[in-house]
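File shown: model-v6.csv (CSV, C-alpha atoms).
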```
chain,number,residue,atom,x,y,z
A,895,MET,CA,15.1,-12.5,20.4
A,896,TRP,CA,15.4,-16.3,20.9
A,897,LYS,CA,11.8,-16.7,19.6
A,898,LYS,CA,12.7,-14.9,16.4
A,899,MET,CA,15.9,-17.0,16.0
A,900,LYS,CA,13.8,-20.2,16.4
A,901,GLN,CA,11.4,-18.9,13.8
A,902,ASP,CA,14.3,-18.2,11.4
A,903,ILE,CA,15.5,-21.8,11.7
A,904,GLU,CA,12.0,-23.2,11.3
A,905,ALA,CA,11.6,-21.1,8.1
A,906,VAL,CA,14.8,-22.8,6.7
A,907,PHE,CA,13.4,-26.3,7.3
A,908,GLU,CA,10.1,-25.4,5.7
A,909,ARG,CA,11.6,-23.9,2.5
A,910,ASP,CA,14.9,-25.7,2.0
A,911,PRO,CA,14.8,-29.5,1.4
A,912,ALA,CA,18.6,-29.6,1.7
A,913,ALA,CA,18.5,-28.6,5.4
A,914,ARG,CA,19.2,-31.7,7.6
A,915,SER,CA,19.8,-30.5,11.1
A,916,THR,CA,19.5,-27.5,13.4
A,917,LEU,CA,23.2,-27.4,14.0
A,918,GLU,CA,23.9,-27.4,10.3
A,919,VAL,CA,21.5,-24.4,9.8
A,920,VAL,CA,23.0,-22.5,12.7
A,921,LEU,CA,26.6,-23.0,11.7
A,922,THR,CA,26.5,-23.0,7.9
A,923,TYR,CA,23.5,-20.9,6.5
A,924,SER,CA,24.8,-17.5,5.6
A,925,GLY,CA,21.3,-16.2,5.0
A,926,VAL,CA,20.5,-16.9,8.7
A,927,HIS,CA,23.7,-15.3,9.8
A,928,ALA,CA,23.0,-12.2,7.8
A,929,ILE,CA,19.5,-11.9,9.3
A,930,TRP,CA,20.7,-12.3,12.8
A,931,ALA,CA,23.5,-9.7,12.3
A,932,HIS,CA,21.0,-7.4,10.8
A,933,ARG,CA,18.7,-7.6,13.9
A,934,ILE,CA,21.6,-6.4,16.1
A,935,ALA,CA,22.6,-3.7,13.6
A,936,HIS,CA,19.0,-2.5,13.2
A,937,SER,CA,18.5,-2.3,17.0
A,938,LEU,CA,21.6,-0.1,17.2
A,939,TYR,CA,20.4,2.0,14.2
A,940,LYS,CA,17.0,2.7,15.9
A,941,ARG,CA,19.0,4.0,18.9
A,942,LYS,CA,20.9,6.3,16.6
A,943,PHE,CA,24.2,4.4,16.9
A,944,PHE,CA,24.5,4.7,13.2
A,945,PHE,CA,28.3,4.2,12.8
A,946,LEU,CA,28.4,1.0,15.0
A,947,ALA,CA,25.3,-0.3,13.2
A,948,ARG,CA,27.1,0.2,9.8
A,949,ILE,CA,30.2,-1.5,11.1
A,950,ILE,CA,28.2,-4.6,12.1
A,951,SER,CA,26.4,-4.6,8.7
A,952,GLN,CA,29.7,-4.4,6.8
A,953,ILE,CA,31.3,-7.2,8.8
A,954,SER,CA,28.2,-9.3,8.1
A,955,ARG,CA,28.5,-8.4,4.4
A,956,PHE,CA,32.2,-9.5,4.4
A,957,LEU,CA,31.4,-12.8,6.0
A,958,THR,CA,28.1,-13.7,4.2
A,959,GLY,CA,28.1,-11.9,0.9
A,960,ILE,CA,24.8,-10.4,1.8
A,961,GLU,CA,24.4,-6.6,2.3
A,962,ILE,CA,21.5,-5.5,4.4
A,963,HIS,CA,21.5,-1.8,5.4
A,964,PRO,CA,20.9,-1.5,9.2
A,965,GLY,CA,17.9,0.8,8.5
A,966,ALA,CA,16.0,-1.8,6.6
A,967,LYS,CA,12.9,-3.2,8.3
A,968,ILE,CA,12.6,-7.0,8.2
A,969,GLY,CA,9.6,-9.0,9.4
A,970,LYS,CA,9.4,-12.6,10.7
A,971,ARG,CA,10.7,-15.7,9.0
A,972,LEU,CA,12.6,-14.2,6.1
A,973,PHE,CA,14.5,-16.9,4.2
A,974,ILE,CA,17.5,-15.9,2.1
A,975,ASP,CA,18.5,-18.9,0.1
A,976,HIS,CA,22.1,-19.1,-1.2
A,977,GLY,CA,22.3,-15.4,-0.5
A,978,MET,CA,25.5,-14.3,-2.2
A,979,GLY,CA,25.0,-10.9,-3.8
A,980,VAL,CA,21.7,-10.0,-2.1
A,981,VAL,CA,21.4,-6.3,-1.5
A,982,ILE,CA,18.7,-4.7,0.7
A,983,GLY,CA,18.5,-0.9,0.9
A,984,GLU,CA,18.1,1.4,3.8
A,985,THR,CA,14.4,2.2,3.5
A,986,CYS,CA,13.3,-1.2,2.3
A,987,GLU,CA,10.5,-2.9,4.3
A,988,ILE,CA,10.0,-6.6,4.2
A,989,GLY,CA,7.0,-8.4,5.6
A,990,ASP,CA,6.6,-11.9,7.0
A,991,ASN,CA,7.4,-15.2,5.4
A,992,VAL,CA,9.3,-13.7,2.4
A,993,THR,CA,11.7,-15.8,0.4
A,994,ILE,CA,14.7,-14.2,-1.4
A,995,PHE,CA,17.2,-16.0,-3.6
A,996,GLN,CA,20.8,-15.2,-4.6
A,997,GLY,CA,21.6,-12.0,-6.5
A,998,VAL,CA,18.5,-10.1,-5.6
A,999,THR,CA,18.6,-6.4,-5.2
A,1000,LEU,CA,16.0,-4.4,-3.4
A,1001,GLY,CA,17.3,-0.9,-4.2
A,1002,GLY,CA,16.5,2.6,-5.2
A,1003,THR,CA,16.7,4.4,-8.6
A,1004,GLY,CA,18.4,7.6,-7.7
A,1005,LYS,CA,19.6,10.0,-5.0
A,1006,GLU,CA,16.1,11.0,-3.8
A,1007,LYS,CA,15.6,11.5,-0.1
A,1008,GLY,CA,13.1,9.7,2.2
A,1009,LYS,CA,11.4,6.4,1.2
A,1010,ARG,CA,13.3,5.3,-1.9
A,1011,HIS,CA,13.4,1.5,-1.6
A,1012,PRO,CA,10.5,-1.1,-2.1
A,1013,THR,CA,8.1,-2.5,0.4
A,1014,ILE,CA,7.7,-6.3,0.1
A,1015,GLU,CA,4.5,-7.6,1.6
A,1016,ASP,CA,4.0,-11.0,3.2
A,1017,HIS,CA,4.6,-14.3,1.5
A,1018,VAL,CA,6.4,-12.9,-1.6
A,1019,ILE,CA,9.0,-14.9,-3.5
A,1020,ILE,CA,11.8,-13.1,-5.3
A,1021,ALA,CA,13.8,-15.4,-7.5
A,1022,THR,CA,17.4,-15.4,-8.5
A,1023,GLY,CA,18.9,-12.2,-9.9
A,1024,ALA,CA,15.7,-10.2,-9.7
A,1025,LYS,CA,16.0,-6.4,-9.2
A,1026,VAL,CA,13.2,-4.5,-7.5
A,1027,LEU,CA,14.1,-0.8,-7.8
A,1028,GLY,CA,12.2,2.1,-6.4
A,1029,SER,CA,9.7,3.2,-3.7
A,1030,PHE,CA,6.6,1.1,-4.4
A,1031,THR,CA,4.9,-2.1,-3.0
A,1032,ILE,CA,5.1,-5.7,-4.1
A,1033,GLY,CA,1.8,-7.1,-3.1
A,1034,ALA,CA,1.3,-10.1,-0.8
A,1035,HIS,CA,1.7,-13.6,-2.2
A,1036,SER,CA,3.3,-12.4,-5.4
A,1037,LYS,CA,6.2,-14.0,-7.3
A,1038,ILE,CA,9.0,-12.1,-9.1
A,1039,GLY,CA,10.6,-14.3,-11.7
A,1040,ALA,CA,14.4,-14.9,-12.1
A,1041,GLY,CA,16.3,-12.0,-13.7
A,1042,SER,CA,13.3,-9.7,-13.8
A,1043,VAL,CA,13.7,-5.9,-13.3
A,1044,VAL,CA,10.6,-4.5,-11.5
A,1045,LEU,CA,10.2,-0.7,-11.6
A,1046,GLN,CA,6.5,-0.3,-10.6
A,1047,GLU,CA,3.8,-1.4,-8.2
A,1048,VAL,CA,2.8,-5.1,-8.3
A,1049,PRO,CA,-0.7,-6.1,-7.1
A,1050,PRO,CA,-1.2,-8.9,-4.6
A,1051,HIS,CA,-1.2,-12.5,-5.9
A,1052,SER,CA,0.6,-11.6,-9.1
A,1053,THR,CA,3.4,-13.2,-11.1
A,1054,VAL,CA,6.0,-10.8,-12.7
A,1055,VAL,CA,8.6,-11.6,-15.3
A,1056,GLY,CA,10.8,-9.8,-17.8
A,1057,ILE,CA,12.7,-6.6,-18.3
A,1058,PRO,CA,11.0,-4.4,-17.4
A,1059,GLY,CA,8.9,-6.6,-15.2
A,1060,ARG,CA,5.4,-7.3,-16.4
A,1061,VAL,CA,2.5,-8.9,-14.5
A,1062,VAL,CA,1.6,-12.0,-16.4
A,1063,LYS,CA,-0.7,-13.7,-13.9
A,1064,GLN,CA,-2.9,-12.3,-11.2
A,1065,ASN,CA,-5.4,-14.2,-9.1
A,1066,GLY,CA,-5.1,-17.0,-11.7
A,1067,HIS,CA,-3.6,-20.4,-12.0
A,1068,LYS,CA,-2.1,-21.7,-8.8
A,1069,VAL,CA,1.4,-23.1,-9.1
A,1070,SER,CA,1.6,-26.5,-7.3
A,1071,ASP,CA,5.0,-25.9,-5.8
A,1072,PRO,CA,5.2,-22.4,-4.2
A,1073,LEU,CA,9.0,-22.4,-4.5
A,1074,ASP,CA,9.1,-23.5,-8.1
A,1075,HIS,CA,10.2,-20.1,-9.6
A,1076,THR,CA,11.5,-21.7,-12.8
A,1077,ASN,CA,8.1,-22.6,-14.3
A,1078,LEU,CA,6.9,-19.1,-14.8
A,1079,PRO,CA,5.3,-17.7,-18.0
A,1080,ASP,CA,7.7,-16.0,-20.4
A,1081,PRO,CA,5.9,-13.4,-22.5
A,1082,ASP,CA,8.9,-12.8,-24.8
A,1083,SER,CA,9.1,-16.5,-25.6
A,1084,ASP,CA,5.4,-16.6,-26.3
A,1085,LEU,CA,5.7,-13.6,-28.7
A,1086,LEU,CA,8.6,-15.3,-30.6
A,1087,LYS,CA,6.5,-18.5,-30.8
A,1088,ARG,CA,3.6,-16.6,-32.3
A,1089,MET,CA,5.9,-14.8,-34.8
A,1090,GLN,CA,7.3,-18.2,-35.8
A,1091,GLU,CA,3.8,-19.5,-36.4
A,1092,GLU,CA,2.9,-16.5,-38.6
A,1093,LEU,CA,6.1,-17.0,-40.6
A,1094,GLU,CA,5.3,-20.6,-41.2
A,1095,LYS,CA,1.8,-19.6,-42.4
A,1096,LEU,CA,3.3,-17.0,-44.8
A,1097,ARG,CA,5.8,-19.5,-46.2
A,1098,ALA,CA,2.9,-22.0,-46.8
A,1099,GLU,CA,0.9,-19.3,-48.6
A,1100,ILE,CA,3.9,-18.3,-50.8
A,1101,GLU,CA,4.5,-21.9,-51.8
A,1102,GLN,CA,0.8,-22.3,-52.6
A,1103,LEU,CA,0.9,-19.2,-54.8
A,1104,LYS,CA,4.0,-20.5,-56.6
A,1105,GLU,CA,2.3,-23.8,-57.3
A,1106,GLU,CA,-0.8,-22.1,-58.6
A,1107,LYS,CA,1.3,-19.8,-60.8
A,1108,LYS,CA,3.2,-22.8,-62.2
A,1109,GLN,CA,-0.1,-24.7,-62.9
A,1110,TYR,CA,-1.5,-21.6,-64.7
A,1111,ALA,CA,1.7,-21.3,-66.8
A,1112,ASP,CA,1.6,-25.0,-67.8
A,1113,LYS,CA,-2.0,-24.6,-68.9
A,1114,ASN,CA,-1.2,-21.7,-71.2
A,1115,ILE,CA,1.8,-23.2,-72.9
```
Rewrite the structure of this file - the entire thing - as structure tokens.
Amino acid sequence: MWKKMKQDIEAVFERDPAARSTLEVVLTYSGVHAIWAHRIAHSLYKRKFFFLARIISQISRFLTGIEIHPGAKIGKRLFIDHGMGVVIGETCEIGDNVTIFQGVTLGGTGKEKGKRHPTIEDHVIIATGAKVLGSFTIGAHSKIGAGSVVLQEVPPHSTVVGIPGRVVKQNGHKVSDPLDHTNLPDPDSDLLKRMQEELEKLRAEIEQLKEEKKQYADKNI
């Protein structure tokens, strides 16, 4: 237990440049508090103390703004940064060294029984406001862009953006800063840019046709 707590604190220092001291992390980081409370709740949940486990998870939700169902399975060194509004469902499974930002939902899509929440493999980054909904896997070392809604499987080493989420990079260009989730490709913006370029070409062709028509008319006066 103490070893895991130490790993959680180390994860904060590795991924949050604002962290200044161990005391600050222990006393003021709501993401760390939520993870520690979840470990207690999950231990009770596995022993079938379901009601007590839910009480602890709800107290943690009230204090931290982060809702983690006690049934969720969380690996080592999870980092929840500015975690207000994070929701992690009952059958969700999270691997090691995962980073989650505020407003992220790891949820289901209906009232189906059994495994209904996503599996997040190791070293995944899920950016602000992203929603991952359904029982499928987000492959290791993948990035989910801010505000994306992911509804299907994501291969390892992929970058996903948009609504619905689309894989825009896979085993491709390496981002220099692994936590820079703002500089991700935007396929919608790229499409609009191409459309604008086509419109400019059409305008130029129309102007050219007008000029040729005018010249033809002048010659026949």
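With all atoms listed in the file as the atoms that count, the minimum distance from Gln996 of chain A to the choices A:Asp902, A:Glu1106, A:Asp1084, A:Glu961 is reached by A:Glu961.
If you look at atom CA of Lys900 of chain A and atom CA of His927 of chain A, they are 12.9 Å away from each other.
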Glu984 of chain A proximity check over A:Ser1052, A:Ser924, A:Ser951, A:Gln901, using all atoms listed in the file: winner is A:Ser951
A straight line from atom CA of Val1062 of chain A to atom CA of Asp975 of chain A spans 24.6 Å
Min atom-atom distance to Gly1041 of chain A from the set A:Pro964, A:Asp1112, A:Glu1099, A:Ile1020, counting all atoms listed in the file, belongs to A:Ile1020
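Nearest residue to Val992 of chain A, choosing from A:Val906, A:Tyr923, A:His963, A:Gln952 and counting all atoms listed in the file: A:Val906.
Closest approach to Gly1028 of chain A among A:Leu921, A:Ile1057, A:Cys986, A:Leu1103: A:Cys986, based on all atoms listed in the file.
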Selection: 12 Å around Arg914 of chain A, all atoms listed in the file, excl. self and same-chain fewer than 5 positions, as a PyMOL selection string = chain A and resi 903-904+906-908+919-920+922-923
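Among the candidate residues A:Ile962, A:Val981, A:Ala1024, A:Val1061, the one lying nearest to Ile929 of chain A is A:Ile962, with distances computed using only C-alpha atoms.
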